[in-house]
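This report refers to the structure that appears directly beneath it.
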Amino acid sequence: MLRISEIKLPLDHDDTALAQAILKKLGISKEQLTSYTIFKRSYDARKRGHILLVYIVDVATPQAEKLLAKFAGDRQIAPTPAMTYEFVAQAKPGQVVEGKRPVVIGTGPCGMFAGLLLAQMGLKPIILERGKSVRDRSVDTFRFWVKGKLNAESNVQFGEGGAGTFSDGKLYSQVRDPNHYGRKVLEEFVNAGADPEILYINRPHIGTYRLVKIVQNLRSTIEELGGEIHFQSHVTDINIRQNQVQGITLENGQYIATNHVVLAVGHSARDTFQMLFERGVYIEAKPFSLGFRIEHPQALIDQCRYGPQAGHARLGSADYKLVHHCQNGRSVYSFCMCPGGKVVAAASEPGRLVTNGMSEYARDEANANSAIVVGINPEEDYPEHPLAGIALQRHWEERAFQLGGANYQAPGQLVGDFLADRPSTKFGSVLPSYKPGVKLVNLGESLPDYAIAALREAIPAFDKKIGSFAMEDAVLTAVETRTSSPIRIKRGDDFQSINTFGLYPAGEGAGYAGGILSAGIDGIKVAEAIALDFFAKVDI
Ligand code: FAD
């Protein structure tokens, strides 16, 4: 196979155009082209009104070797790299692997992929999830959104599928991935029912309702391979003897003996972090961000990004990514942008309020939303204690809850009023999507002063990049605190905690991922580390 990059075609090209472009580039006949697959499709929007699709394709032709020699100096043509995932170790069929079964805590993308890989390698993991199965969890989450009744163990953060289940399902990440683990994650999503287009389109997304079915299918695969998944199984203690994990205890008192624990609990498992800290596991504070959600009309964002080609089916709803470095030394950036989506209530603790965003696959709702957040760090902002970032999050989440009326309505303000520092009294052309509702207030006291100052500087600066970003009627809702974990559970090169052997801190909560794809990739890495440890001790 050979790979051709940078094939540019007009947005409206017909079905035969790509094959024609391949034949032309390689100078071969139709008969010599056995097949081709699209490896990546992105777009080049540098010329307004002339957006081009840009393809990378893998081509099968009996002429491959000859062509590679012929185009040796051409940077557009190269051999297709090997991307098939190879297991680092695997039990033989029927082999019973010695040792206590590995335990995975959490069924977010990190725990799911750690569990899937351990099962595929023949290690029959026991997977424990404090929340409910994805169907039952959906009922609780929707009840919260409609009626404002929070279930602290079953919500947007907790339950099968983890934090990203009710999300836009964006599947891209900026992590370095030389081993193509991301490809393995995407392929497993496709095996579980995702649209195969996620394998090749630039910045793919799954959309919230499709994710629910995919999560269920991943669970079935793990179970078929001998893994077990237990819901409403909250891990409340860990038994460590001589710096080695011996087992874990569930809230109902059940003890499970194990020497390998994947800790994939996400960034909201504050009680679990506290318990680990008390048991002496090394934890340090890390930077994260605070801010608001902002909502604009999606049509406005499309128009700013795509100009006259806004609305084209091959482009979909437009997104954006913005950053501004402020005079007070802070940076403000957009985060988790959800085109054509909704702002969601993402609290997991009573009396505290958190926002986040999601979209359905079609991304066809009226508003675009994203978090606009200010970076904070332990040295300047919460130096007191390794868990002080959690206390800071809780403080501002409680403030938002009170400002919203202490009933899980979010406090909100129009952008024009926020910039002018006056309370809002009525909505304009943008209606907020957050449920159970938004109470208009002055958000000026809903975050630390330095953050408010930074946001007041950044919004007009963003307006220079995306016209009308600072439109008077755009709506802000508070508060965005769970952008990433406020702690890191430090691990060594062997993926184990630096002072607790057998504990594999992983995913977003432990500070090693940010997003669905990178959490899945991290799950694969820790599963590999555990398999290497197991199989080093038995004859395979
Ligand atoms: P999590 O997904 O948080 O999973 C942790 C799991 O552990 C949870 O299910 C929890 O119930 C369980 N758990 C916690 N403590 C215990 C315990 N003591 N015992 C047993 N179980 C426990 N990322 C993207 O890449 N794209 C997006 O579009 C996107 N949208 C998002 C939208 C929303 C509304 C939210 C909340 C997040 C979104 N994210 C998105 C972020 C993404 O969801 C997370 O980065 C990702 O889920 C982290 O994966 P994880 O497996 O590390 O942790």
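Following the order of the structure tokens, chains are lettered A, B, ..., residues in each are numbered from 1, and ligands are numbered from 1.
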Would you name the residues within 7 Å of ligand 1, counting only C-alpha atoms and all ligand atoms, and put them as an NGL selection string? :A and (105-111 or 128-131 or 156-172 or 233-236 or 264-269 or 272 or 336 or 344 or 346 or 356-358 or 506-509 or 513-517 or 519-520)
Once you count only C-alpha atoms, what closest atom pair and distance in Å to one decimal does each residue of segment 452-490 of chain A within 10 Å of segment 370-391 of chain A have, with rows by chain and rising residue number, as CSV?
residue,atom,partner,partner_atom,distance
A:Ile452,CA,A:Val374,CA,8.9
A:Ala454,CA,A:Val374,CA,7.2
A:Leu455,CA,A:Val374,CA,7.4
A:Ala458,CA,A:Ile372,CA,9.0
A:Ile459,CA,A:Ile372,CA,8.7
A:Leu476,CA,A:Ala371,CA,9.3
A:Thr477,CA,A:Ala371,CA,9.4
A:Ala478,CA,A:Ala371,CA,9.7
A:Val479,CA,A:Ala371,CA,9.3
A:Glu480,CA,A:Ala371,CA,6.8
A:Thr481,CA,A:Val373,CA,8.7
A:Arg482,CA,A:Ile390,CA,9.8
A:Thr483,CA,A:Val373,CA,8.4
A:Ser485,CA,A:Ile390,CA,8.8
A:Pro486,CA,A:Gly389,CA,5.2
A:Ile487,CA,A:Leu387,CA,6.8
A:Arg488,CA,A:Pro386,CA,8.9
Resulting file, chosen residues, N, CA and C atoms, as a CSV table (one decimal), in the first residue's frame:
chain,number,residue,atom,x,y,z
A,452,ILE,N,-12.4,37.2,36.5
A,452,ILE,CA,-13.4,38.1,35.9
A,452,ILE,C,-12.7,39.1,35.0
A,454,ALA,N,-9.8,38.8,33.5
A,454,ALA,CA,-9.3,38.2,32.4
A,454,ALA,C,-10.4,37.9,31.3
A,455,LEU,N,-11.5,37.4,31.8
A,455,LEU,CA,-12.6,37.2,30.9
A,455,LEU,C,-13.1,38.4,30.2
A,458,ALA,N,-10.7,39.1,27.6
A,458,ALA,CA,-10.6,38.1,26.5
A,458,ALA,C,-11.8,38.2,25.5
A,459,ILE,N,-13.0,38.4,26.0
A,459,ILE,CA,-14.2,38.3,25.2
A,459,ILE,C,-14.1,39.3,24.0
A,476,LEU,N,-23.9,34.0,28.9
A,476,LEU,CA,-22.9,33.3,29.8
A,476,LEU,C,-23.6,32.5,30.9
A,477,THR,N,-23.2,31.3,31.2
A,477,THR,CA,-23.8,30.6,32.3
A,477,THR,C,-22.6,30.1,33.2
A,478,ALA,N,-22.8,30.1,34.5
A,478,ALA,CA,-21.7,29.7,35.4
A,478,ALA,C,-22.1,28.4,36.2
A,479,VAL,N,-21.2,27.6,36.5
A,479,VAL,CA,-19.7,27.9,36.5
A,479,VAL,C,-19.0,26.7,35.9
A,480,GLU,N,-18.0,26.9,35.2
A,480,GLU,CA,-17.2,25.8,34.6
A,480,GLU,C,-16.0,25.5,35.4
A,481,THR,N,-16.0,24.4,36.2
A,481,THR,CA,-14.9,24.2,37.1
A,481,THR,C,-14.2,22.8,36.8
A,482,ARG,N,-14.9,22.0,36.0
A,482,ARG,CA,-14.3,20.6,35.9
A,482,ARG,C,-13.7,20.4,34.5
A,483,THR,N,-12.8,21.4,34.2
A,483,THR,CA,-12.1,21.3,32.9
A,483,THR,C,-11.1,20.2,32.8
A,485,SER,N,-8.6,17.5,35.9
A,485,SER,CA,-8.4,17.2,37.3
A,485,SER,C,-7.6,18.2,38.0
A,486,PRO,N,-8.0,18.6,39.3
A,486,PRO,CA,-7.1,19.5,40.0
A,486,PRO,C,-5.9,18.8,40.7
A,487,ILE,N,-5.8,17.5,40.5
A,487,ILE,CA,-4.7,16.8,41.1
A,487,ILE,C,-4.0,15.8,40.1
A,488,ARG,N,-2.8,15.4,40.5
A,488,ARG,CA,-2.1,14.3,39.7
A,488,ARG,C,-1.7,13.3,40.7
Taking only segment 106-320 of chain A into account, list the residues labelled strand (DSSP E or B) by DSSP (computed from the backbone), as a PDB file with N, CA and C atoms, in the first residue's frame.
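Writing the result to states11.pdb gives the following:
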ATOM      1  N   ILE A 126     -11.961  -7.498  36.630  1.00  0.00           N
ATOM      2  CA  ILE A 126     -13.201  -7.173  37.369  1.00  0.00           C
ATOM      3  C   ILE A 126     -13.314  -5.651  37.332  1.00  0.00           C
ATOM      4  N   ILE A 127     -14.389  -5.170  36.763  1.00  0.00           N
ATOM      5  CA  ILE A 127     -14.523  -3.716  36.577  1.00  0.00           C
ATOM      6  C   ILE A 127     -15.635  -3.207  37.505  1.00  0.00           C
ATOM      7  N   LEU A 128     -15.310  -2.181  38.280  1.00  0.00           N
ATOM      8  CA  LEU A 128     -16.229  -1.690  39.307  1.00  0.00           C
ATOM      9  C   LEU A 128     -16.629  -0.254  39.005  1.00  0.00           C
ATOM     10  N   LYS A 170     -16.648  14.309  21.011  1.00  0.00           N
ATOM     11  CA  LYS A 170     -15.512  14.698  20.154  1.00  0.00           C
ATOM     12  C   LYS A 170     -14.405  13.678  20.366  1.00  0.00           C
ATOM     13  N   ILE A 201     -12.525  11.223   9.214  1.00  0.00           N
ATOM     14  CA  ILE A 201     -12.771  12.666   9.113  1.00  0.00           C
ATOM     15  C   ILE A 201     -11.979  13.415  10.174  1.00  0.00           C
ATOM     16  N   HIS A 205     -16.730  13.290  15.672  1.00  0.00           N
ATOM     17  CA  HIS A 205     -17.518  13.252  16.908  1.00  0.00           C
ATOM     18  C   HIS A 205     -18.583  12.177  16.769  1.00  0.00           C
ATOM     19  N   GLU A 228     -15.778  -9.026  34.044  1.00  0.00           N
ATOM     20  CA  GLU A 228     -17.028  -8.799  34.788  1.00  0.00           C
ATOM     21  C   GLU A 228     -17.176  -7.299  34.992  1.00  0.00           C
ATOM     22  N   ILE A 229     -18.401  -6.801  34.862  1.00  0.00           N
ATOM     23  CA  ILE A 229     -18.636  -5.375  35.155  1.00  0.00           C
ATOM     24  C   ILE A 229     -19.733  -5.282  36.204  1.00  0.00           C
ATOM     25  N   HIS A 230     -19.450  -4.588  37.293  1.00  0.00           N
ATOM     26  CA  HIS A 230     -20.429  -4.451  38.377  1.00  0.00           C
ATOM     27  C   HIS A 230     -20.770  -2.981  38.565  1.00  0.00           C
ATOM     28  N   VAL A 235     -16.051   1.960  45.151  1.00  0.00           N
ATOM     29  CA  VAL A 235     -14.840   1.584  45.885  1.00  0.00           C
ATOM     30  C   VAL A 235     -14.562   2.668  46.930  1.00  0.00           C
ATOM     31  N   THR A 236     -14.555   2.275  48.200  1.00  0.00           N
ATOM     32  CA  THR A 236     -14.400   3.281  49.265  1.00  0.00           C
ATOM     33  C   THR A 236     -13.108   3.112  50.054  1.00  0.00           C
ATOM     34  N   ASP A 237     -12.379   2.013  49.812  1.00  0.00           N
ATOM     35  CA  ASP A 237     -11.112   1.878  50.540  1.00  0.00           C
ATOM     36  C   ASP A 237     -10.149   1.008  49.742  1.00  0.00           C
ATOM     37  N   ILE A 238      -8.873   1.176  50.063  1.00  0.00           N
ATOM     38  CA  ILE A 238      -7.834   0.389  49.392  1.00  0.00           C
ATOM     39  C   ILE A 238      -6.905  -0.155  50.477  1.00  0.00           C
ATOM     40  N   ASN A 239      -6.566  -1.427  50.353  1.00  0.00           N
ATOM     41  CA  ASN A 239      -5.695  -2.052  51.342  1.00  0.00           C
ATOM     42  C   ASN A 239      -4.276  -2.086  50.775  1.00  0.00           C
ATOM     43  N   ILE A 240      -3.388  -1.342  51.439  1.00  0.00           N
ATOM     44  CA  ILE A 240      -1.983  -1.283  50.979  1.00  0.00           C
ATOM     45  C   ILE A 240      -1.105  -1.839  52.102  1.00  0.00           C
ATOM     46  N   ARG A 241      -0.298  -2.857  51.794  1.00  0.00           N
ATOM     47  CA  ARG A 241       0.644  -3.377  52.799  1.00  0.00           C
ATOM     48  C   ARG A 241       2.045  -3.351  52.211  1.00  0.00           C
ATOM     49  N   GLN A 244       2.414  -2.131  48.722  1.00  0.00           N
ATOM     50  CA  GLN A 244       1.855  -2.953  47.639  1.00  0.00           C
ATOM     51  C   GLN A 244       0.344  -3.081  47.858  1.00  0.00           C
ATOM     52  N   VAL A 245      -0.421  -2.826  46.790  1.00  0.00           N
ATOM     53  CA  VAL A 245      -1.879  -2.995  46.879  1.00  0.00           C
ATOM     54  C   VAL A 245      -2.200  -4.467  47.140  1.00  0.00           C
ATOM     55  N   GLN A 246      -3.092  -4.688  48.120  1.00  0.00           N
ATOM     56  CA  GLN A 246      -3.526  -6.060  48.438  1.00  0.00           C
ATOM     57  C   GLN A 246      -4.987  -6.293  48.062  1.00  0.00           C
ATOM     58  N   GLY A 247      -5.755  -5.202  48.009  1.00  0.00           N
ATOM     59  CA  GLY A 247      -7.176  -5.375  47.678  1.00  0.00           C
ATOM     60  C   GLY A 247      -7.932  -4.071  47.832  1.00  0.00           C
ATOM     61  N   ILE A 248      -9.216  -4.131  47.502  1.00  0.00           N
ATOM     62  CA  ILE A 248     -10.059  -2.932  47.643  1.00  0.00           C
ATOM     63  C   ILE A 248     -11.360  -3.329  48.355  1.00  0.00           C
ATOM     64  N   THR A 249     -11.993  -2.305  48.959  1.00  0.00           N
ATOM     65  CA  THR A 249     -13.262  -2.547  49.656  1.00  0.00           C
ATOM     66  C   THR A 249     -14.349  -1.686  49.020  1.00  0.00           C
ATOM     67  N   LEU A 250     -15.522  -2.295  48.868  1.00  0.00           N
ATOM     68  CA  LEU A 250     -16.663  -1.553  48.320  1.00  0.00           C
ATOM     69  C   LEU A 250     -17.489  -0.955  49.465  1.00  0.00           C
ATOM     70  N   TYR A 255     -14.978  -7.176  50.123  1.00  0.00           N
ATOM     71  CA  TYR A 255     -13.530  -7.014  49.909  1.00  0.00           C
ATOM     72  C   TYR A 255     -13.121  -7.832  48.697  1.00  0.00           C
ATOM     73  N   ILE A 256     -12.338  -7.252  47.815  1.00  0.00           N
ATOM     74  CA  ILE A 256     -11.826  -7.998  46.658  1.00  0.00           C
ATOM     75  C   ILE A 256     -10.299  -7.969  46.728  1.00  0.00           C
ATOM     76  N   ALA A 257      -9.694  -9.145  46.839  1.00  0.00           N
ATOM     77  CA  ALA A 257      -8.234  -9.223  46.889  1.00  0.00           C
ATOM     78  C   ALA A 257      -7.686  -9.086  45.472  1.00  0.00           C
ATOM     79  N   VAL A 261      -4.545  -2.730  40.419  1.00  0.00           N
ATOM     80  CA  VAL A 261      -5.746  -1.884  40.396  1.00  0.00           C
ATOM     81  C   VAL A 261      -5.540  -0.739  39.411  1.00  0.00           C
ATOM     82  N   VAL A 262      -6.403  -0.659  38.400  1.00  0.00           N
ATOM     83  CA  VAL A 262      -6.398   0.514  37.513  1.00  0.00           C
ATOM     84  C   VAL A 262      -7.331   1.544  38.141  1.00  0.00           C
ATOM     85  N   LEU A 263      -6.789   2.688  38.468  1.00  0.00           N
ATOM     86  CA  LEU A 263      -7.584   3.737  39.100  1.00  0.00           C
ATOM     87  C   LEU A 263      -8.006   4.717  38.006  1.00  0.00           C
ATOM     88  N   GLU A 284      -0.322  15.082  44.099  1.00  0.00           N
ATOM     89  CA  GLU A 284       0.089  16.493  44.084  1.00  0.00           C
ATOM     90  C   GLU A 284      -0.967  17.333  43.364  1.00  0.00           C
ATOM     91  N   ALA A 285      -0.988  18.636  43.695  1.00  0.00           N
ATOM     92  CA  ALA A 285      -1.944  19.531  43.018  1.00  0.00           C
ATOM     93  C   ALA A 285      -1.439  19.815  41.608  1.00  0.00           C
ATOM     94  N   PHE A 288      -5.482  23.677  36.561  1.00  0.00           N
ATOM     95  CA  PHE A 288      -6.710  23.437  35.810  1.00  0.00           C
ATOM     96  C   PHE A 288      -7.289  24.809  35.456  1.00  0.00           C
ATOM     97  N   SER A 289      -8.562  24.885  35.116  1.00  0.00           N
ATOM     98  CA  SER A 289      -9.117  26.174  34.670  1.00  0.00           C
ATOM     99  C   SER A 289     -10.516  26.392  35.232  1.00  0.00           C
ATOM    100  N   LEU A 290     -10.908  27.658  35.290  1.00  0.00           N
ATOM    101  CA  LEU A 290     -12.230  28.063  35.777  1.00  0.00           C
ATOM    102  C   LEU A 290     -12.842  29.031  34.776  1.00  0.00           C
ATOM    103  N   GLY A 291     -14.145  29.035  34.648  1.00  0.00           N
ATOM    104  CA  GLY A 291     -14.757  30.025  33.749  1.00  0.00           C
ATOM    105  C   GLY A 291     -16.247  29.827  33.592  1.00  0.00           C
ATOM    106  N   PHE A 292     -16.740  30.219  32.421  1.00  0.00           N
ATOM    107  CA  PHE A 292     -18.178  30.157  32.108  1.00  0.00           C
ATOM    108  C   PHE A 292     -18.396  29.357  30.827  1.00  0.00           C
ATOM    109  N   ARG A 293     -19.652  28.990  30.553  1.00  0.00           N
ATOM    110  CA  ARG A 293     -20.074  28.556  29.201  1.00  0.00           C
ATOM    111  C   ARG A 293     -20.566  29.785  28.470  1.00  0.00           C
ATOM    112  N   ILE A 294     -20.343  29.850  27.187  1.00  0.00           N
ATOM    113  CA  ILE A 294     -20.881  30.954  26.393  1.00  0.00           C
ATOM    114  C   ILE A 294     -21.712  30.364  25.256  1.00  0.00           C
ATOM    115  N   GLU A 295     -22.857  30.982  24.989  1.00  0.00           N
ATOM    116  CA  GLU A 295     -23.723  30.515  23.885  1.00  0.00           C
ATOM    117  C   GLU A 295     -23.956  31.626  22.868  1.00  0.00           C
ATOM    118  N   HIS A 296     -23.778  31.262  21.601  1.00  0.00           N
ATOM    119  CA  HIS A 296     -24.054  32.149  20.455  1.00  0.00           C
ATOM    120  C   HIS A 296     -24.977  31.413  19.496  1.00  0.00           C
ATOM    121  N   PRO A 297     -25.605  32.117  18.566  1.00  0.00           N
ATOM    122  CA  PRO A 297     -26.323  31.400  17.510  1.00  0.00           C
ATOM    123  C   PRO A 297     -25.317  30.609  16.667  1.00  0.00           C
TER     124      PRO A 297
END
Proximity to Ile498 of chain A - best of A:Gln90, A:Asn259, A:Gln76, A:Asn243, only C-alpha atoms: A:Asn243
Test item: residues at most 9 Å from Glu65 of chain A, only C-alpha atoms, excluding those fewer than 6 positions along its chain, as a VMD selection string: chain A and resid 1 to 2 79
Create the file for the chosen residues now, containing N, CA and C atoms and written as a tab-separated table (two decimals), in the first residue's frame.
chain	number	residue	atom	x	y	z
A	1	MET	N	0.85	-1.21	0.00
A	1	MET	CA	0.00	0.00	0.00
A	1	MET	C	0.89	1.25	0.00
A	2	LEU	N	0.41	2.27	-0.69
A	2	LEU	CA	1.11	3.55	-0.60
A	2	LEU	C	0.13	4.64	-0.19
A	79	PRO	N	5.22	5.05	1.63
A	79	PRO	CA	4.57	3.77	1.97
A	79	PRO	C	3.58	4.00	3.10
Report as a PyMOL selection string: the residues of segment 201-329 of chain A with a DSSP assignment of helix (DSSP H, G or I), based on the backbone of this structure. chain A and resi 208-224+270-278+298-309
Counting only C-alpha atoms, which residue out of A:Phe535, A:Phe469, A:Phe71, A:Trp396 sits closest to Gly122 of chain A? A:Phe535
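The spacing separating atom CA of Asp44 of chain A from atom CA of Tyr181 of chain A amounts to 26.6 Å.
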Rank A:Ile198, A:Leu26, A:Phe501, A:Tyr43 by their smallest atom-to-atom distance to Leu186 of chain A, using only C-alpha atoms, and report the top residue only.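 Closest residue, counting only C-alpha atoms: A:Ile198.
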Which residue, A:Lys24, A:Cys326, A:Arg363, A:Ser468, has the smallest gap to Gly311 of chain A when you use only C-alpha atoms?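 When distances to Gly311 of chain A are compared using only C-alpha atoms, the smallest one comes from A:Arg363.
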Compare A:Pro448, A:Gly49, A:Gly492, A:Pro436 by their minimum atom-to-atom distance to Ala345 of chain A, counting only C-alpha atoms, and give me the closest one. A:Pro436
To one decimal place, how far is atom CA of Gly94 of chain A from atom CA of Lys124 of chain A in Å? 12.2 Å
